[in-house]
file structure19.tsv (TSV, C-alpha atoms)
chain	number	residue	atom	x	y	z
U	1	MET	CA	0.00	0.00	0.00
U	2	ASN	CA	1.35	3.43	-0.91
U	3	PRO	CA	1.97	5.96	1.85
U	4	HIS	CA	-0.71	8.64	1.98
U	5	LEU	CA	0.05	12.36	2.27
U	6	LEU	CA	-2.82	14.51	3.53
U	7	LEU	CA	-2.30	18.27	3.05
U	8	VAL	CA	-4.40	20.43	5.36
U	9	THR	CA	-4.94	24.02	4.29
U	10	GLY	CA	-7.39	26.87	4.64
U	11	SER	CA	-7.40	30.54	5.51
U	12	GLY	CA	-5.64	31.49	8.74
U	13	ARG	CA	-7.95	31.32	11.77
U	14	SER	CA	-10.29	28.91	9.97
U	15	GLY	CA	-9.65	25.92	12.22
U	16	THR	CA	-6.68	24.31	10.50
U	17	SER	CA	-4.91	23.75	13.83
U	18	SER	CA	-8.01	22.24	15.40
U	19	VAL	CA	-8.55	19.77	12.58
U	20	ALA	CA	-4.84	18.89	12.40
U	21	GLY	CA	-4.75	18.23	16.15
U	22	ALA	CA	-7.80	16.00	15.83
U	23	LEU	CA	-6.31	14.10	12.89
U	24	LYS	CA	-3.07	13.51	14.77
U	25	ARG	CA	-5.07	12.00	17.63
U	26	LEU	CA	-6.88	9.84	15.07
U	27	GLY	CA	-3.62	8.23	14.04
U	28	LEU	CA	-2.04	10.40	11.33
U	29	HIS	CA	1.66	11.19	11.65
U	30	VAL	CA	2.87	14.81	11.86
U	31	PRO	CA	6.54	15.07	10.81
U	32	GLN	CA	8.71	16.30	13.66
U	33	PRO	CA	9.61	18.74	15.05
U	34	GLU	CA	6.40	20.74	15.15
U	35	VAL	CA	5.97	24.48	15.48
U	36	PRO	CA	5.57	24.94	19.26
U	37	ALA	CA	2.38	26.23	20.85
U	38	ASP	CA	2.32	29.87	21.93
U	39	GLU	CA	-0.05	32.49	23.34
U	40	LYS	CA	-1.84	32.86	20.02
U	41	ASN	CA	-2.44	29.12	19.75
U	42	PRO	CA	-1.92	27.46	23.15
U	43	ARG	CA	-3.36	24.12	21.94
U	44	GLY	CA	-0.66	23.81	19.28
U	45	TYR	CA	-0.29	24.39	15.56
U	46	TYR	CA	0.50	20.80	14.42
U	47	GLU	CA	2.69	22.21	11.64
U	48	PRO	CA	6.04	20.61	10.79
U	49	GLU	CA	8.70	23.25	11.39
U	50	TRP	CA	10.52	22.31	8.20
U	51	VAL	CA	7.40	22.86	6.09
U	52	THR	CA	6.67	26.32	7.46
U	53	GLU	CA	10.26	27.42	6.84
U	54	PHE	CA	10.22	25.83	3.37
U	55	HIS	CA	7.12	27.77	2.36
U	56	LYS	CA	8.64	30.98	3.71
U	57	ARG	CA	11.81	30.42	1.69
U	58	VAL	CA	9.77	29.91	-1.48
U	59	LEU	CA	7.04	32.53	-1.06
U	60	ASN	CA	8.52	35.40	0.94
U	61	PRO	CA	11.02	36.52	-1.73
U	62	VAL	CA	8.32	36.71	-4.44
U	63	PRO	CA	6.51	37.94	-2.29
U	64	VAL	CA	3.20	36.10	-1.85
U	65	ARG	CA	1.42	36.41	1.50
U	66	THR	CA	-0.32	33.55	3.31
U	67	ILE	CA	-3.51	35.05	1.95
U	68	ASP	CA	-2.99	37.54	-0.88
U	69	THR	CA	-5.47	39.84	-2.62
U	70	ARG	CA	-3.83	39.75	-6.07
U	71	PRO	CA	-5.61	37.58	-8.66
U	72	ASP	CA	-2.24	36.70	-10.20
U	73	ALA	CA	-0.70	35.67	-6.87
U	74	GLY	CA	-1.34	32.03	-7.75
U	75	SER	CA	0.64	32.16	-10.97
U	76	ILE	CA	3.45	34.08	-9.22
U	77	ALA	CA	3.60	31.44	-6.47
U	78	ALA	CA	3.41	28.59	-8.99
U	79	GLU	CA	6.41	29.96	-10.86
U	80	ALA	CA	8.37	30.25	-7.61
U	81	GLY	CA	7.38	26.74	-6.55
U	82	GLY	CA	8.22	25.25	-9.94
U	83	ARG	CA	11.94	25.97	-9.80
U	84	PRO	CA	14.10	22.82	-9.94
U	85	GLU	CA	15.93	23.68	-6.72
U	86	VAL	CA	12.59	23.99	-4.87
U	87	GLU	CA	11.47	20.59	-6.11
U	88	ALA	CA	14.82	19.04	-5.16
U	89	GLU	CA	14.65	20.49	-1.66
U	90	LEU	CA	11.13	19.17	-1.10
U	91	ARG	CA	12.09	15.76	-2.51
U	92	ASP	CA	15.02	15.46	-0.12
U	93	TRP	CA	12.83	16.21	2.89
U	94	LEU	CA	9.69	14.28	1.90
U	95	SER	CA	11.62	11.14	1.00
U	96	GLY	CA	12.60	10.86	4.65
U	97	GLN	CA	9.01	11.16	5.91
U	98	LEU	CA	7.26	8.36	4.04
U	99	GLU	CA	7.91	5.51	6.47
U	100	ALA	CA	4.61	6.35	8.15
U	101	GLU	CA	1.49	5.06	6.40
U	102	GLN	CA	-0.40	8.36	6.66
U	103	ILE	CA	1.45	11.66	6.85
U	104	LEU	CA	-0.26	14.88	7.88
U	105	VAL	CA	1.19	18.17	6.61
U	106	LYS	CA	-0.68	21.27	7.68
U	107	ASP	CA	0.21	24.78	6.54
U	108	PRO	CA	-2.22	27.45	5.27
U	109	ARG	CA	0.31	28.32	2.53
U	110	ALA	CA	0.38	24.84	0.99
U	111	PHE	CA	-2.26	25.58	-1.66
U	112	TRP	CA	-0.05	28.23	-3.30
U	113	ILE	CA	2.49	25.65	-4.47
U	114	LEU	CA	0.37	22.50	-4.41
U	115	PRO	CA	1.64	21.27	-7.81
U	116	VAL	CA	5.18	20.76	-6.52
U	117	TRP	CA	3.83	18.80	-3.54
U	118	THR	CA	1.72	16.50	-5.72
U	119	ARG	CA	4.47	16.06	-8.32
U	120	VAL	CA	7.16	15.17	-5.77
U	121	ALA	CA	4.83	12.91	-3.79
U	122	ALA	CA	3.87	11.01	-6.97
U	123	GLU	CA	7.53	10.53	-7.87
U	124	LEU	CA	8.12	9.09	-4.40
U	125	GLY	CA	5.16	6.72	-4.69
U	126	ALA	CA	2.82	8.51	-2.28
U	127	ASP	CA	-0.89	9.21	-2.73
U	128	VAL	CA	-2.04	12.78	-2.03
U	129	SER	CA	-5.33	14.23	-0.84
U	130	THR	CA	-6.31	17.58	0.64
U	131	LEU	CA	-8.54	18.84	3.44
U	132	THR	CA	-9.55	22.51	3.38
U	133	MET	CA	-11.08	24.20	6.40
U	134	LEU	CA	-13.92	26.66	5.81
U	135	ARG	CA	-14.97	29.52	8.06
U	136	HIS	CA	-17.10	32.53	7.17
U	137	PRO	CA	-14.93	35.46	6.05
U	138	THR	CA	-16.36	37.84	8.65
U	139	GLU	CA	-15.33	35.46	11.44
U	140	VAL	CA	-11.89	34.90	9.93
U	141	VAL	CA	-11.24	38.62	9.58
U	142	ARG	CA	-12.40	39.49	13.09
U	143	SER	CA	-10.56	36.54	14.62
U	144	ARG	CA	-7.34	37.55	12.84
U	145	ASP	CA	-7.43	41.23	13.68
U	146	SER	CA	-9.77	41.92	16.60
U	147	ALA	CA	-7.01	42.57	19.11
U	148	TYR	CA	-4.70	44.30	16.65
U	149	LEU	CA	-7.28	46.70	15.23
U	150	THR	CA	-8.82	47.80	18.51
U	151	GLU	CA	-6.58	50.85	18.88
U	152	GLN	CA	-6.43	51.72	15.17
U	153	THR	CA	-8.20	54.53	13.31
U	154	PRO	CA	-11.45	53.84	11.45
U	155	THR	CA	-9.63	54.40	8.14
U	156	PHE	CA	-6.96	51.83	8.96
U	157	ARG	CA	-9.55	49.33	10.19
U	158	ARG	CA	-11.53	49.73	6.97
U	159	GLN	CA	-8.45	49.19	4.83
U	160	ARG	CA	-7.29	46.17	6.81
U	161	GLU	CA	-10.70	44.49	6.93
U	162	THR	CA	-11.31	45.11	3.23
U	163	ALA	CA	-7.91	43.67	2.30
U	164	ASN	CA	-8.42	40.60	4.47
U	165	VAL	CA	-11.87	39.85	3.05
U	166	ALA	CA	-10.47	40.24	-0.48
U	167	ALA	CA	-7.58	37.93	0.39
U	168	TRP	CA	-10.01	35.35	1.81
U	169	VAL	CA	-11.98	35.43	-1.44
U	170	ASN	CA	-8.88	35.11	-3.60
U	171	ALA	CA	-7.54	32.23	-1.50
U	172	ALA	CA	-10.88	30.40	-1.80
U	173	PHE	CA	-10.68	30.52	-5.60
U	174	GLU	CA	-7.06	29.41	-5.70
U	175	THR	CA	-7.61	26.58	-3.20
U	176	GLU	CA	-10.61	25.19	-5.05
U	177	ARG	CA	-8.86	25.25	-8.40
U	178	SER	CA	-5.55	23.82	-7.17
U	179	THR	CA	-7.18	20.90	-5.31
U	180	ARG	CA	-9.75	19.99	-7.97
U	181	SER	CA	-7.78	17.08	-9.48
U	182	LEU	CA	-7.17	15.38	-6.10
U	183	PRO	CA	-9.30	13.46	-3.63
U	184	ARG	CA	-10.38	16.30	-1.37
U	185	ALA	CA	-12.59	17.34	1.51
U	186	PHE	CA	-13.95	20.68	2.67
U	187	VAL	CA	-14.82	20.91	6.37
U	188	ARG	CA	-16.72	23.74	8.03
U	189	TYR	CA	-15.10	24.89	11.26
U	190	ALA	CA	-18.55	25.12	12.90
U	191	ASP	CA	-19.28	21.50	11.93
U	192	LEU	CA	-15.97	20.32	13.36
U	193	LEU	CA	-16.72	21.96	16.72
U	194	ALA	CA	-20.36	20.88	16.84
U	195	ASP	CA	-19.88	17.22	15.87
U	196	TRP	CA	-16.32	16.30	14.96
U	197	ARG	CA	-17.15	12.62	14.39
U	198	THR	CA	-19.65	13.34	11.63
U	199	ALA	CA	-17.48	16.01	10.00
U	200	LEU	CA	-14.31	13.91	9.99
U	201	HIS	CA	-16.07	10.66	9.07
U	202	ARG	CA	-17.26	12.34	5.87
U	203	ALA	CA	-13.83	13.90	5.27
U	204	GLY	CA	-12.14	10.53	5.77
U	205	GLU	CA	-14.30	8.89	3.14
U	206	GLN	CA	-13.72	11.77	0.69
U	207	THR	CA	-9.93	11.84	1.14
U	208	GLN	CA	-9.51	8.05	1.52
U	209	ILE	CA	-7.71	8.26	4.87
U	210	ARG	CA	-8.16	5.82	7.75
U	211	TYR	CA	-8.58	6.49	11.45
U	212	ASN	CA	-7.68	4.61	14.61
U	213	ALA	CA	-11.34	4.63	15.67
U	214	ASP	CA	-14.77	3.94	14.20
U	215	LEU	CA	-16.33	7.38	13.97
U	216	SER	CA	-19.76	5.96	13.28
U	217	THR	CA	-19.94	5.10	16.99
U	218	ARG	CA	-19.86	7.34	20.06
U	219	GLU	CA	-17.05	5.51	21.82
U	220	PRO	CA	-14.97	7.96	23.89
U	221	HIS	CA	-11.86	9.24	22.12
U	222	ALA	CA	-8.98	11.62	22.89
U	223	VAL	CA	-10.40	14.07	20.34
U	224	ASP	CA	-13.37	14.61	22.68
U	225	ASP	CA	-11.07	16.36	25.14
U	226	PHE	CA	-9.22	18.28	22.43
U	227	ILE	CA	-12.08	19.80	20.43
U	228	ASP	CA	-13.62	22.68	22.37
U	229	ALA	CA	-16.98	23.82	21.05
U	230	GLY	CA	-16.48	27.07	22.96
U	231	LEU	CA	-13.71	28.05	20.56
U	232	ASN	CA	-16.25	29.35	18.05
U	233	ARG	CA	-17.13	32.46	20.01
U	234	SER	CA	-17.35	34.85	17.06
U	235	ALA	CA	-20.88	36.06	16.46
U	236	ILE	CA	-19.88	38.39	13.62
U	237	THR	CA	-22.01	39.59	10.73
U	238	TRP	CA	-21.31	41.79	7.73
U	239	ASP	CA	-22.67	44.72	9.74
U	240	ASP	CA	-19.61	44.41	11.99
U	241	ILE	CA	-17.10	44.58	9.13
U	242	ALA	CA	-16.23	47.69	7.09
U	243	VAL	CA	-16.22	46.27	3.53
U	244	PRO	CA	-17.44	47.78	0.23
U	245	PRO	CA	-20.84	46.39	-0.85
U	246	HIS	CA	-19.60	44.80	-4.10
U	247	LEU	CA	-16.79	42.93	-2.33
U	248	ARG	CA	-19.22	41.89	0.39
U	249	GLU	CA	-21.56	40.41	-2.23
U	250	ILE	CA	-18.75	38.49	-3.93
U	251	ALA	CA	-17.47	37.17	-0.59
U	252	GLU	CA	-20.90	36.03	0.58
U	253	GLN	CA	-21.67	34.32	-2.73
U	254	THR	CA	-18.24	32.67	-2.65
U	255	TRP	CA	-18.95	31.40	0.86
U	256	GLN	CA	-22.30	29.95	-0.21
U	257	ALA	CA	-20.84	28.30	-3.33
U	258	ILE	CA	-17.82	26.75	-1.66
U	259	ASN	CA	-20.05	25.35	1.09
U	260	ALA	CA	-21.69	23.13	-1.52
U	261	LEU	CA	-18.34	21.33	-1.83
U	262	VAL	CA	-18.59	20.05	1.75
U	263	ASP	CA	-21.12	17.40	0.76
U	264	ASP	CA	-19.87	16.94	-2.82
U	265	PRO	CA	-16.30	18.11	-3.53
U	266	ALA	CA	-16.96	17.66	-7.26
U	267	ASP	CA	-20.21	19.68	-7.40
U	268	ALA	CA	-20.07	20.98	-10.98
U	269	ALA	CA	-22.58	23.80	-10.44
U	270	ALA	CA	-20.66	25.13	-7.44
U	271	ILE	CA	-17.33	24.96	-9.30
U	272	GLU	CA	-18.82	26.83	-12.26
U	273	GLU	CA	-20.28	29.49	-9.94
U	274	LEU	CA	-16.91	29.94	-8.24
U	275	ALA	CA	-15.25	30.40	-11.64
U	276	GLY	CA	-17.71	33.16	-12.48
U	277	LEU	CA	-17.18	34.84	-9.13
U	278	GLU	CA	-13.44	34.67	-9.67
U	279	ARG	CA	-13.81	36.58	-12.93
U	280	GLU	CA	-16.00	39.14	-11.19
U	281	TYR	CA	-13.45	39.55	-8.41
U	282	GLY	CA	-10.68	40.00	-10.97
U	283	GLU	CA	-12.60	42.86	-12.58
U	284	LEU	CA	-13.23	44.49	-9.18
U	285	PHE	CA	-9.54	44.21	-8.35
U	286	ASP	CA	-8.51	45.80	-11.66
U	287	PHE	CA	-10.88	48.75	-11.18
U	288	SER	CA	-9.80	49.19	-7.55
U	289	GLU	CA	-6.15	49.15	-8.58
U	290	ALA	CA	-6.86	51.81	-11.21
U	291	ILE	CA	-8.70	54.03	-8.73
U	292	ALA	CA	-5.84	53.74	-6.24
U	293	MET	CA	-3.10	54.26	-8.85
U	294	ASP	CA	-2.22	57.83	-7.83
U	295	ALA	CA	-2.15	56.94	-4.14
U	296	THR	CA	0.01	53.88	-4.85
U	297	THR	CA	2.42	55.92	-6.98
U	298	ALA	CA	2.67	58.56	-4.27
U	299	ARG	CA	3.48	55.93	-1.63
U	300	VAL	CA	6.14	54.34	-3.83
U	301	THR	CA	7.71	57.74	-4.50
U	302	ALA	CA	7.64	58.62	-0.81
U	303	GLY	CA	9.16	55.25	0.03
U	304	ARG	CA	12.02	55.78	-2.40
U	305	ARG	CA	12.66	59.24	-0.95
U	306	ASP	CA	12.73	57.75	2.52
U	307	VAL	CA	15.24	55.11	1.41
U	308	ARG	CA	17.44	57.80	-0.14
U	309	ARG	CA	17.25	59.90	3.03
U	310	LYS	CA	18.27	56.95	5.16
U	311	LYS	CA	21.16	56.12	2.84
U	312	ASP	CA	22.31	59.76	2.86
U	313	ALA	CA	22.10	59.82	6.65
U	314	GLN	CA	24.12	56.61	6.90
U	315	LEU	CA	26.72	57.96	4.50
U	316	GLU	CA	26.97	61.20	6.47
U	317	GLU	CA	27.41	59.23	9.68
U	318	LEU	CA	30.24	57.20	8.09
U	319	ARG	CA	31.93	60.40	6.93
U	320	ARG	CA	31.64	61.87	10.40
U	321	GLU	CA	33.18	58.76	11.95
U	322	LEU	CA	35.97	58.82	9.38
U	323	ASP	CA	36.72	62.49	10.13
U	324	GLU	CA	36.88	61.65	13.84
U	325	VAL	CA	39.35	58.84	13.17
U	326	LYS	CA	41.49	61.13	11.00
U	327	ALA	CA	41.49	63.82	13.68
U	328	GLU	CA	42.49	61.29	16.33
U	329	LEU	CA	45.35	59.95	14.19
U	330	THR	CA	46.55	63.50	13.46
U	331	ALA	CA	46.57	64.21	17.18
U	332	ARG	CA	48.75	61.14	17.67
U	333	GLY	CA	51.22	62.37	15.08
U	334	LYS	CA	50.15	60.10	12.25
U	335	PRO	CA	48.57	62.55	9.77
U	336	GLY	CA	49.68	60.59	6.71
U	337	PHE	CA	48.03	57.33	7.71
U	338	PHE	CA	45.28	57.64	5.06
U	339	ARG	CA	47.58	58.73	2.26
U	340	ARG	CA	48.71	56.37	-0.44

call {"tool": "encode", "arguments": {"input": "structure19.tsv", "output": "structure tokens"}}
result
Amino acid sequence: MNPHLLLVTGSGRSGTSSVAGALKRLGLHVPQPEVPADEKNPRGYYEPEWVTEFHKRVLNPVPVRTIDTRPDAGSIAAEAGGRPEVEAELRDWLSGQLEAEQILVKDPRAFWILPVWTRVAAELGADVSTLTMLRHPTEVVRSRDSAYLTEQTPTFRRQRETANVAAWVNAAFETERSTRSLPRAFVRYADLLADWRTALHRAGEQTQIRYNADLSTREPHAVDDFIDAGLNRSAITWDDIAVPPHLREIAEQTWQAINALVDDPADAAAIEELAGLEREYGELFDFSEAIAMDATTARVTAGRRDVRRKKDAQLEELRRELDEVKAELTARGKPGFFRR
């Protein structure tokens, strides 16, 4: 039997850590070492440290963010992930992880360069499937930024919330398209918290993974103590988020369409609707970029001026230090030290 690689992805704060922690307790292997728990996620991330650093090395220089508003971010990331040295690096690492029957790799950035993962896994004789966590964009945005935005101005909050909703939408399109050719599952965060057995039983059948327990029964399991239904505290609506009406409509329609893939990951009508919404989002992005062109140009110009000012200040500081050294050497009777 081939080893099975399950890639867990989804927008940040959508429950990827919760589902990965549950899957680990259900018998899947997380390559070690893992990213350690911290104040932001005290229950743990269940992300292999190597994978998070690998994705940073590939995507940060481009740069492509974990969630990115640009419609062409997927093609930019794909080009970065398709380099031979990237594939070789992943092959070297993954080849040492396939002793386990079922390997769990969770990182919200995985969907950006999914082709290199599937290509390398196939070369190494591993089957690949994906599990994508779904959470309403208003809850994701507020969960990501509630603490950070509290002290910010209304203008900054509006910009940040708008950008994060747009990035959620763009990531939804890219994730659906990149996972379409694989066995895949979409799991709602609310479903996972309300009844993890039902949600993961369906996901297991869709992704062809096996568990260390029969989820059709109610036998006690370690996941019972791990999944906390109280984690879903966000009671956020669109009225709580400062987002332009057109983007709000696209985001809500995208949420409704992608939810159809929970029951049927190959739902043709939902996939077609998402494709249409992606085109609509692309047009909105182009118009928004055109409207903001003067502001963007002004920021770039100001940034370049700031860089020049800093360089001039550094150069002046070096000259001052050099003059001080010359003066000190002259005082010591070595005025010709700098002469050739």

call {"tool": "residues_near_point", "arguments": {"input": "structure19.tsv", "point": "(-6.2, 36.5, -7.6)", "cutoff": "12 Å", "atoms": "only C-alpha atoms", "output": "ChimeraX atom specification"}}
result
/U:64-65,67-77,112,166-175,177,275,277-286

call {"tool": "residues_around", "arguments": {"input": "structure19.tsv", "residues": "segment 6-20 of chain U", "least_positions_apart": "3", "cutoff": "6 Å", "atoms": "all atoms listed in the file", "output": "list in words"}}
result
Leu23, Tyr45, Leu104, Val105, Lys106, Asp107, Pro108, Val128, Ser129, Thr130, Leu131, Thr132, Met133, Leu134, Arg135, Val140 and Tyr189 of chain U

call {"tool": "residues_around", "arguments": {"input": "structure19.tsv", "residues": "segment 34-40 of chain U", "least_positions_apart": "3", "cutoff": "10 Å", "atoms": "all atoms listed in the file", "output": "CSV table (one decimal) with C-alpha atoms, keeping the file's coordinate frame"}}
result
chain,number,residue,atom,x,y,z
U,30,VAL,CA,2.9,14.8,11.9
U,31,PRO,CA,6.5,15.1,10.8
U,43,ARG,CA,-3.4,24.1,21.9
U,44,GLY,CA,-0.7,23.8,19.3
U,45,TYR,CA,-0.3,24.4,15.6
U,46,TYR,CA,0.5,20.8,14.4
U,47,GLU,CA,2.7,22.2,11.6
U,48,PRO,CA,6.0,20.6,10.8
U,49,GLU,CA,8.7,23.2,11.4
U,50,TRP,CA,10.5,22.3,8.2
U,51,VAL,CA,7.4,22.9,6.1
U,52,THR,CA,6.7,26.3,7.5

call {"tool": "atom_distance", "arguments": {"input": "structure19.tsv", "atom1": "atom CA of Met1 of chain U", "atom2": "atom CA of Glu99 of chain U"}}
result
11.6 Å

call {"tool": "residues_around", "arguments": {"input": "structure19.tsv", "residues": "Asp264 of chain U", "least_positions_apart": "2", "cutoff": "12 Å", "atoms": "all atoms listed in the file", "output": "list in words"}}
result
Arg180, Pro183, Arg184, Ala185, Phe186, Val187, Arg202, Ala203, Glu205, Gln206, Thr207, Ala257, Ile258, Asn259, Ala260, Leu261, Val262, Ala266, Asp267, Ala268, Ala269, Ala270 and Ile271 of chain U

call {"tool": "write_last_selection", "arguments": {"input": "structure19.tsv", "atoms": "C-alpha atoms", "output": "compact mmCIF listing (two decimals), keeping the file's coordinate frame"}}
result
# COMPACT_ATOMS: atom_id res chain seq x y z
CA ARG U 180 -9.75 19.99 -7.97
CA PRO U 183 -9.30 13.46 -3.63
CA ARG U 184 -10.38 16.30 -1.37
CA ALA U 185 -12.59 17.34 1.51
CA PHE U 186 -13.95 20.68 2.67
CA VAL U 187 -14.82 20.91 6.37
CA ARG U 202 -17.26 12.34 5.87
CA ALA U 203 -13.83 13.90 5.27
CA GLU U 205 -14.30 8.89 3.14
CA GLN U 206 -13.72 11.77 0.69
CA THR U 207 -9.93 11.84 1.14
CA ALA U 257 -20.84 28.30 -3.33
CA ILE U 258 -17.82 26.75 -1.66
CA ASN U 259 -20.05 25.35 1.09
CA ALA U 260 -21.69 23.13 -1.52
CA LEU U 261 -18.34 21.33 -1.83
CA VAL U 262 -18.59 20.05 1.75
CA ALA U 266 -16.96 17.66 -7.26
CA ASP U 267 -20.21 19.68 -7.40
CA ALA U 268 -20.07 20.98 -10.98
CA ALA U 269 -22.58 23.80 -10.44
CA ALA U 270 -20.66 25.13 -7.44
CA ILE U 271 -17.33 24.96 -9.30

call {"tool": "residues_around", "arguments": {"input": "structure19.tsv", "residues": "His136 of chain U", "least_positions_apart": "5", "cutoff": "10 Å", "atoms": "all atoms listed in the file", "output": "PyMOL selection string"}}
result
chain U and resi 14+141+165+168+188-190+236-237+251-252+254-256+259

call {"tool": "residues_around", "arguments": {"input": "structure19.tsv", "residues": "Ser178 of chain U", "least_positions_apart": "5", "cutoff": "8 Å", "atoms": "only C-alpha atoms", "output": "short mmCIF file (atom, residue, chain, number, x, y, z; two decimals) with C-alpha atoms, keeping the file's coordinate frame"}}
result
data_model
loop_
_atom_site.label_atom_id
_atom_site.label_comp_id
_atom_site.auth_asym_id
_atom_site.auth_seq_id
_atom_site.Cartn_x
_atom_site.Cartn_y
_atom_site.Cartn_z
CA PHE U 111 -2.26 25.58 -1.66
CA LEU U 114 0.37 22.50 -4.41
CA PRO U 115 1.64 21.27 -7.81
#

call {"tool": "closest_residue", "arguments": {"input": "structure19.tsv", "among": "U:Glu79, U:Arg309, U:Leu124, U:Met293", "to": "Val62 of chain U", "atoms": "only C-alpha atoms"}}
result
U:Glu79

call {"tool": "atom_distance", "arguments": {"input": "structure19.tsv", "atom1": "atom CA of Pro84 of chain U", "atom2": "atom CA of Ile113 of chain U"}}
result
13.1 Å

call {"tool": "closest_residue", "arguments": {"input": "structure19.tsv", "among": "U:Pro61, U:Leu5, U:Glu161, U:Pro220", "to": "Val120 of chain U", "atoms": "all atoms listed in the file"}}
result
U:Leu5

call {"tool": "closest_residue", "arguments": {"input": "structure19.tsv", "among": "U:Gln97, U:Thr162, U:Thr179, U:Thr198", "to": "Arg218 of chain U", "atoms": "all atoms listed in the file"}}
result
U:Thr198

call {"tool": "atom_distance", "arguments": {"input": "structure19.tsv", "atom1": "atom CA of Leu98 of chain U", "atom2": "atom CA of Thr118 of chain U"}}
result
13.9 Å

call {"tool": "residues_near_point", "arguments": {"input": "structure19.tsv", "point": "(8.2, 28.9, -0.5)", "cutoff": "8 Å", "atoms": "all atoms listed in the file", "output": "PDB file with C-alpha atoms, in the coordinates of the input"}}
result
ATOM      1  CA  GLU U  53      10.260  27.420   6.840  1.00  0.00           C
ATOM      2  CA  PHE U  54      10.220  25.830   3.370  1.00  0.00           C
ATOM      3  CA  HIS U  55       7.120  27.770   2.360  1.00  0.00           C
ATOM      4  CA  LYS U  56       8.640  30.980   3.710  1.00  0.00           C
ATOM      5  CA  ARG U  57      11.810  30.420   1.690  1.00  0.00           C
ATOM      6  CA  VAL U  58       9.770  29.910  -1.480  1.00  0.00           C
ATOM      7  CA  LEU U  59       7.040  32.530  -1.060  1.00  0.00           C
ATOM      8  CA  ASN U  60       8.520  35.400   0.940  1.00  0.00           C
ATOM      9  CA  ALA U  77       3.600  31.440  -6.470  1.00  0.00           C
ATOM     10  CA  ALA U  80       8.370  30.250  -7.610  1.00  0.00           C
ATOM     11  CA  GLY U  81       7.380  26.740  -6.550  1.00  0.00           C
ATOM     12  CA  VAL U  86      12.590  23.990  -4.870  1.00  0.00           C
ATOM     13  CA  ILE U 113       2.490  25.650  -4.470  1.00  0.00           C
TER      14      ILE U 113
END

call {"tool": "closest_residue", "arguments": {"input": "structure19.tsv", "among": "U:Leu200, U:Ala121, U:Val300, U:Ile227", "to": "Leu215 of chain U", "atoms": "all atoms listed in the file"}}
result
U:Leu200

call {"tool": "closest_residue", "arguments": {"input": "structure19.tsv", "among": "U:Ala126, U:Ile241, U:Glu89, U:Glu219", "to": "Pro154 of chain U", "atoms": "only C-alpha atoms"}}
result
U:Ile241

call {"tool": "closest_residue", "arguments": {"input": "structure19.tsv", "among": "U:Trp117, U:Gly82, U:Trp93, U:Phe287", "to": "Gln32 of chain U", "atoms": "only C-alpha atoms"}}
result
U:Trp93
